[in-house]
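Written out below as structure tokens is the structure these notes cover.
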Amino acid sequence: MKNASISISNPAPTMTTGRQKIAVAVSGIGILLVLVVWAAGKSIAPVPTFLAALGLVAAGIALFVREEYLTRPEGIKNNGAWFRSLTARGVWGWLTGVVITGFYVCLYWFPQYLTGLIQLFDPLSQALRGTAANQWFVYGTLYTAAVALMGIKFIYKYRHNPYQRIRTISVMFFQLGFAFLIPGLLMRLQQPEIYFTYFWPLSYYQGTPMAHAGYAGSSLGTFFFFFGLAMFFVGTPILTYFFGKRWYCSWVCGCGGLAETAGDPFRHLSDKSLNAWKIERWMIHAVLIFVVLMTILLWANVATDRTILQGISEPFYKTYSFLIGSAFSGVVGVGFYPILGSRVWCRFGCPMAAWLGIWQRAKSKFRITTNGGQCISCGNCSTSCEMGIDVRAYAQKGQDIVRASCVGCGICSAVCPRGVLRLEGAVEDIDLRAMVSRNQND
Amino acid sequence: MKIVILGNGISGISAARHIRKLSDHHITVISDETDFFYSRTALMYVFMGHMRPRDVQPYEDWFWEKNRIELVRASIQSIDFAAKKLHNSDGDAIEYDKLLLATGSQSNKFGWPGQDLDGVRGLYHWQDLEEMERHSHGLRRAVIVGGGLIGIEMAEMFHSRHIPVTLLVREKSFWDIVLPAEESQMINRHLREHGIDLRLETELKEILPDENGKCRAVVTKTGEEITCGFVGLTVGVSPNIGFLKNTALETNRGILVNEFLETNQPDVFALGDCAELRQPRPGRRPIEAIWYTGRMMGKTVAQTICGKKTAYDPGIWFNSAKFLDIEYQIYGDVRAQLPENQSTIYWEHTSGKKSIRLIFDKNTGAIAGFNLMGVRYRHEVCEKWLHDGTHIETVLQNLGLANFDPEFFEQYEAELVGIYNRDTGKNLSLKQKRGLPAVLRFLQNA
């Protein structure tokens, strides 16, 4: 289609108000403070500096988004998503991707370069956990702050939509409470640092003999070990049957939480092609098989008193840990938000999502229904799908959408201009409705 | 058999897809507009930056070859119905055994001085979008003429780029030839809330050129001059059949077709916006230039071509639109002026941005129509009630079945029951809330 004029030479008319410029400056000063401390390698007045940095960044973001959304009538706010450099794989998008990716690389493999930054977070770590900060505490704090601040932005953006508001409050709550405060407080109480919302196999370590041994002597740890297993074998099938995989992926999970908040501006960048779907199915199930094999090997190694399998199970674990645990879920999963969209890890890699997806596809009441003949094939639904589902392919045929990957974020329904899509659940005729596949000429 | 489809819009493509489903005929689709089928209704979202051009193409590019649908980019100049040949601008001929004319619409112009100036455009074709794009850079104001669906879309498009918009509407209130007064006024308010300069009861007199032959201002019938760099003419569309006029093909405003969408020429059909039904169904217009009827006609004509002669049945009227942030759905018979024999129940949210209107027959109580603003209703449920002529009291008590709003959205059905009770002194109550299981049971007990 001849269209170069539309996507390339567009003047990208985003109107930034004076207040928004001030907001950017305020956040910028906060970020500058962090960078200075990081570069200096030490903080002169740690507590005030930390509070000032975080406070300025937060205040700037809050001011910016209030101006962005509250000064206009409520509604769908996607104007210019494909024109802005940051959200359309332009210079700012690539730069952001490189910076986040680089940060993750430091975090996982070169924490020595983060020393100055870690010191900045020491006072908070001492206050919460009663121990010095390390790179993972920095990461957890930044992560939680991102979910919280961008969550507030998301709530402003979708303030007309109760489903989106409630869902976002839920991911913010689970991130702040279960993935930040509770693990920190547990450490302070000399208990194991437990993240109650991450189970095996997403948290691959939790299913290993090492984790089990590590919990020895802690009743809470032992409880969590078995709780995790129960969530995998019993909780997941039951909850997914009633609610679909969204009970976890877009309401509870921290990875999902970040994707839904900080990742929201990039959701349209996911690949919707049939090829991408084929790759997705191979990859995500391969990772699930990988993690199952790895875990079995580790336990078999223990069962055989580390005589036969030690040489295999150890490298297997290390490979998984490096390739999937660090490189894929962290570096690519988040670092590539501005390039590949916000759910690359959830879609192509997460073994928990694979497991949830199998249940959602096979035995769940959850589906997205389409409203009779009202679809106009516009494509807003597909474009907004962070999981790369070609929602329109179903909607224009009046078919229900039953897909393993759907995380139930509900944005397709929100952006539909003709009121065609609805997330809902019912057992009647679900098997029939789940049968037809996409892209056949029917 | 060689099927040639002229036009790659929703009606032509629907026909092609369904013919392929039903047969192995050779299918060729000709367009001079674009290489691939795209959703015309989504043009606005490309301009607004919600989607890229490729995102408004409902099928990936490999789809056509895989389904053996040949796509040809050509401009057809004339058709020899006797020899069954199409002639394109290069002088080449394309033969057909069956010909489907799906040439769509073109934007209306009513002879205003300056209507063909540079920077004056309707919005229908891909090229219209490119022209809007070309003129948007540095544009200080756009004037849109016409208070209908395309006019408000165009207003929203420029507005999304922070380009000031003046919307000239001939009527007393926005689209009040279709919308009942309350809904129409809701849209007036909403346009103004967005800062769009809405001028009601204002008509275009002429468009003034600058020294380069580009529009520089419009003059209204009251003599007011409004400076602008772009004029959108959105005063309806009419069938795009210029090159078929004065040929053997019988035309009126559109290409005349019978109930099987057959024209007066053998093996030639017309469908979509360009077709004019000789005998439309009661209550329906001979030309209905909307997405849904185009799609239905495509499906219908495919049946006939593949050996199962099928009359076009548009079913119960439905349509939808979105006016900036307010979604609109209609099912059945909802008129701007309430006819003598009908009664209405109207509920409006305190925000003034949501409303539900039910129309029913005064004498029989049969439900006749649903009009929704900012609230979603379920097509199949409304259709079944309308088809069955269900009594308004039954509809009211089960109204939750129709609600299609997302989870956690407030439900307003009880308020409609309350309004009915207040008006009639009855004491009905809402028995059914929103939810899919009940809907499936309702629909299956046909």
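Just remember, in the structure tokens the first chain shown is A, the second B, etc., residues are 1-based per chain, and ligands are 1-based in the order shown.
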
* chain B contacts to chain A at 7 Å (only C-alpha atoms) as an MDAnalysis selection string -> chainID B and resid 17 21 34:36 39 41:42 48:53 55:56 58 133 137 160:161 194 291 320:322 325 327 376 378:380 404 406:409 436:437

* To do: Tell me, as a list in words, which residues lie within 12 Å of B:Asn67, counting only C-alpha atoms; anything in the same chain fewer than 3 positions away does not count.
  =>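 That gives Asn439, Gln440, Asn441 and Asp442 of chain A; Ile13, Ala16, Arg17, His18, Ile19, Arg20, Lys21, Leu22, Ser23, Asp24, His25, His26, Ile27, Thr28, Tyr59, Glu60, Asp61, Trp62, Phe63, Trp64, Glu70 and Leu71 of chain B.
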
Selection export as a short mmCIF file (atom, residue, chain, number, x, y, z; two decimals), in the first residue's frame, atoms kept: C-alpha atoms:
```cif
data_model
loop_
_atom_site.label_atom_id
_atom_site.label_comp_id
_atom_site.auth_asym_id
_atom_site.auth_seq_id
_atom_site.Cartn_x
_atom_site.Cartn_y
_atom_site.Cartn_z
CA ASN A 439 -6.87 -17.54 9.34
CA GLN A 440 -8.72 -20.18 7.51
CA ASN A 441 -10.96 -18.75 4.93
CA ASP A 442 -14.17 -19.41 6.75
CA ILE B 13 -13.69 -9.11 -0.73
CA ALA B 16 -14.34 -13.36 -3.09
CA ARG B 17 -13.78 -15.09 0.22
CA HIS B 18 -17.13 -16.81 0.21
CA ILE B 19 -16.85 -17.87 -3.43
CA ARG B 20 -13.50 -19.42 -2.58
CA LYS B 21 -15.02 -21.19 0.38
CA LEU B 22 -17.72 -22.67 -1.80
CA SER B 23 -15.92 -23.34 -5.07
CA ASP B 24 -12.75 -23.60 -7.13
CA HIS B 25 -13.69 -20.85 -9.55
CA HIS B 26 -10.97 -18.56 -10.80
CA ILE B 27 -11.29 -15.32 -8.83
CA THR B 28 -9.80 -11.97 -9.82
CA TYR B 59 -5.50 -10.22 6.24
CA GLU B 60 -1.78 -10.73 5.93
CA ASP B 61 -0.41 -10.40 2.41
CA TRP B 62 0.10 -14.16 1.92
CA PHE B 63 -3.61 -14.77 2.47
CA TRP B 64 -4.62 -13.96 -1.10
CA GLU B 70 -5.81 -12.95 -7.76
CA LEU B 71 -5.37 -9.26 -6.99
#
```

* Asked: Pick from B:Lys309, B:His391, B:Arg199, B:Arg281: nearest to B:Thr222, with only C-alpha atoms counted?
  ->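 Residue with the minimum atom-to-atom distance to B:Thr222: B:Arg199.
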
* To do: Pick out the residues sitting within 12 Å of A:Leu293, and hand them over as a VMD selection string; count only C-alpha atoms, and ignore anything fewer than 6 positions along from it in its own chain.
  => chain A and resid 201 204 207 to 208 286 to 287 299 to 301 312 to 313 316 to 317 320

A:Gly30: which residues within 12 Å, counting only C-alpha atoms, same-chain residues fewer than 4 positions away excluded, as a PDB file with N, CA and C atoms, in the first residue's frame?
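Result file around11.pdb:
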```
ATOM      1  N   ALA A  23       7.225  19.258  34.480  1.00  0.00           N
ATOM      2  CA  ALA A  23       7.185  17.913  35.061  1.00  0.00           C
ATOM      3  C   ALA A  23       8.381  17.093  34.609  1.00  0.00           C
ATOM      4  N   VAL A  24       8.706  17.184  33.325  1.00  0.00           N
ATOM      5  CA  VAL A  24       9.858  16.442  32.804  1.00  0.00           C
ATOM      6  C   VAL A  24      11.135  16.933  33.476  1.00  0.00           C
ATOM      7  N   ALA A  25      11.219  18.235  33.669  1.00  0.00           N
ATOM      8  CA  ALA A  25      12.403  18.789  34.332  1.00  0.00           C
ATOM      9  C   ALA A  25      12.521  18.274  35.762  1.00  0.00           C
ATOM     10  N   VAL A  26      11.407  18.240  36.470  1.00  0.00           N
ATOM     11  CA  VAL A  26      11.414  17.762  37.863  1.00  0.00           C
ATOM     12  C   VAL A  26      11.905  16.322  37.918  1.00  0.00           C
ATOM     13  N   VAL A  34      20.286  10.543  40.962  1.00  0.00           N
ATOM     14  CA  VAL A  34      20.650   9.130  40.991  1.00  0.00           C
ATOM     15  C   VAL A  34      21.947   8.903  40.229  1.00  0.00           C
ATOM     16  N   LEU A  35      22.045   9.512  39.054  1.00  0.00           N
ATOM     17  CA  LEU A  35      23.231   9.297  38.228  1.00  0.00           C
ATOM     18  C   LEU A  35      24.491   9.836  38.890  1.00  0.00           C
ATOM     19  N   VAL A  36      24.324  10.990  39.559  1.00  0.00           N
ATOM     20  CA  VAL A  36      25.488  11.584  40.216  1.00  0.00           C
ATOM     21  C   VAL A  36      26.004  10.660  41.322  1.00  0.00           C
ATOM     22  N   VAL A  37      25.071  10.168  42.130  1.00  0.00           N
ATOM     23  CA  VAL A  37      25.471   9.278  43.220  1.00  0.00           C
ATOM     24  C   VAL A  37      26.107   8.007  42.653  1.00  0.00           C
ATOM     25  N   PRO A  48      18.417  11.870  52.672  1.00  0.00           N
ATOM     26  CA  PRO A  48      17.776  12.956  51.912  1.00  0.00           C
ATOM     27  C   PRO A  48      17.940  12.800  50.406  1.00  0.00           C
ATOM     28  N   THR A  49      19.111  12.337  49.971  1.00  0.00           N
ATOM     29  CA  THR A  49      19.321  12.186  48.533  1.00  0.00           C
ATOM     30  C   THR A  49      18.337  11.176  47.959  1.00  0.00           C
ATOM     31  N   PHE A  50      18.211  10.032  48.647  1.00  0.00           N
ATOM     32  CA  PHE A  50      17.316   8.993  48.166  1.00  0.00           C
ATOM     33  C   PHE A  50      15.879   9.504  48.109  1.00  0.00           C
ATOM     34  N   LEU A  51      15.450  10.134  49.189  1.00  0.00           N
ATOM     35  CA  LEU A  51      14.072  10.631  49.234  1.00  0.00           C
ATOM     36  C   LEU A  51      13.843  11.683  48.168  1.00  0.00           C
ATOM     37  N   ALA A  52      14.823  12.547  47.999  1.00  0.00           N
ATOM     38  CA  ALA A  52      14.680  13.603  47.002  1.00  0.00           C
ATOM     39  C   ALA A  52      14.592  13.014  45.597  1.00  0.00           C
ATOM     40  N   ALA A  53      15.484  12.055  45.316  1.00  0.00           N
ATOM     41  CA  ALA A  53      15.506  11.468  43.972  1.00  0.00           C
ATOM     42  C   ALA A  53      14.182  10.793  43.660  1.00  0.00           C
ATOM     43  N   LEU A  54      13.768   9.919  44.560  1.00  0.00           N
ATOM     44  CA  LEU A  54      12.522   9.183  44.325  1.00  0.00           C
ATOM     45  C   LEU A  54      11.337  10.140  44.270  1.00  0.00           C
ATOM     46  N   GLY A  55      11.346  11.096  45.206  1.00  0.00           N
ATOM     47  CA  GLY A  55      10.233  12.043  45.275  1.00  0.00           C
ATOM     48  C   GLY A  55      10.123  12.891  44.019  1.00  0.00           C
ATOM     49  N   LEU A  56      11.251  13.354  43.512  1.00  0.00           N
ATOM     50  CA  LEU A  56      11.221  14.197  42.316  1.00  0.00           C
ATOM     51  C   LEU A  56      10.742  13.419  41.098  1.00  0.00           C
ATOM     52  N   VAL A  57      11.263  12.188  40.961  1.00  0.00           N
ATOM     53  CA  VAL A  57      10.831  11.373  39.819  1.00  0.00           C
ATOM     54  C   VAL A  57       9.327  11.131  39.899  1.00  0.00           C
ATOM     55  N   ALA A  58       8.878  10.760  41.075  1.00  0.00           N
ATOM     56  CA  ALA A  58       7.452  10.450  41.251  1.00  0.00           C
ATOM     57  C   ALA A  58       6.593  11.686  41.015  1.00  0.00           C
ATOM     58  N   ALA A  59       7.026  12.798  41.574  1.00  0.00           N
ATOM     59  CA  ALA A  59       6.238  14.029  41.423  1.00  0.00           C
ATOM     60  C   ALA A  59       6.161  14.443  39.962  1.00  0.00           C
ATOM     61  N   GLY A  60       7.284  14.323  39.272  1.00  0.00           N
ATOM     62  CA  GLY A  60       7.312  14.684  37.858  1.00  0.00           C
ATOM     63  C   GLY A  60       6.349  13.833  37.053  1.00  0.00           C
ATOM     64  N   ILE A  61       6.387  12.524  37.299  1.00  0.00           N
ATOM     65  CA  ILE A  61       5.505  11.623  36.546  1.00  0.00           C
ATOM     66  C   ILE A  61       4.039  11.947  36.863  1.00  0.00           C
TER      67      ILE A  61
END
```
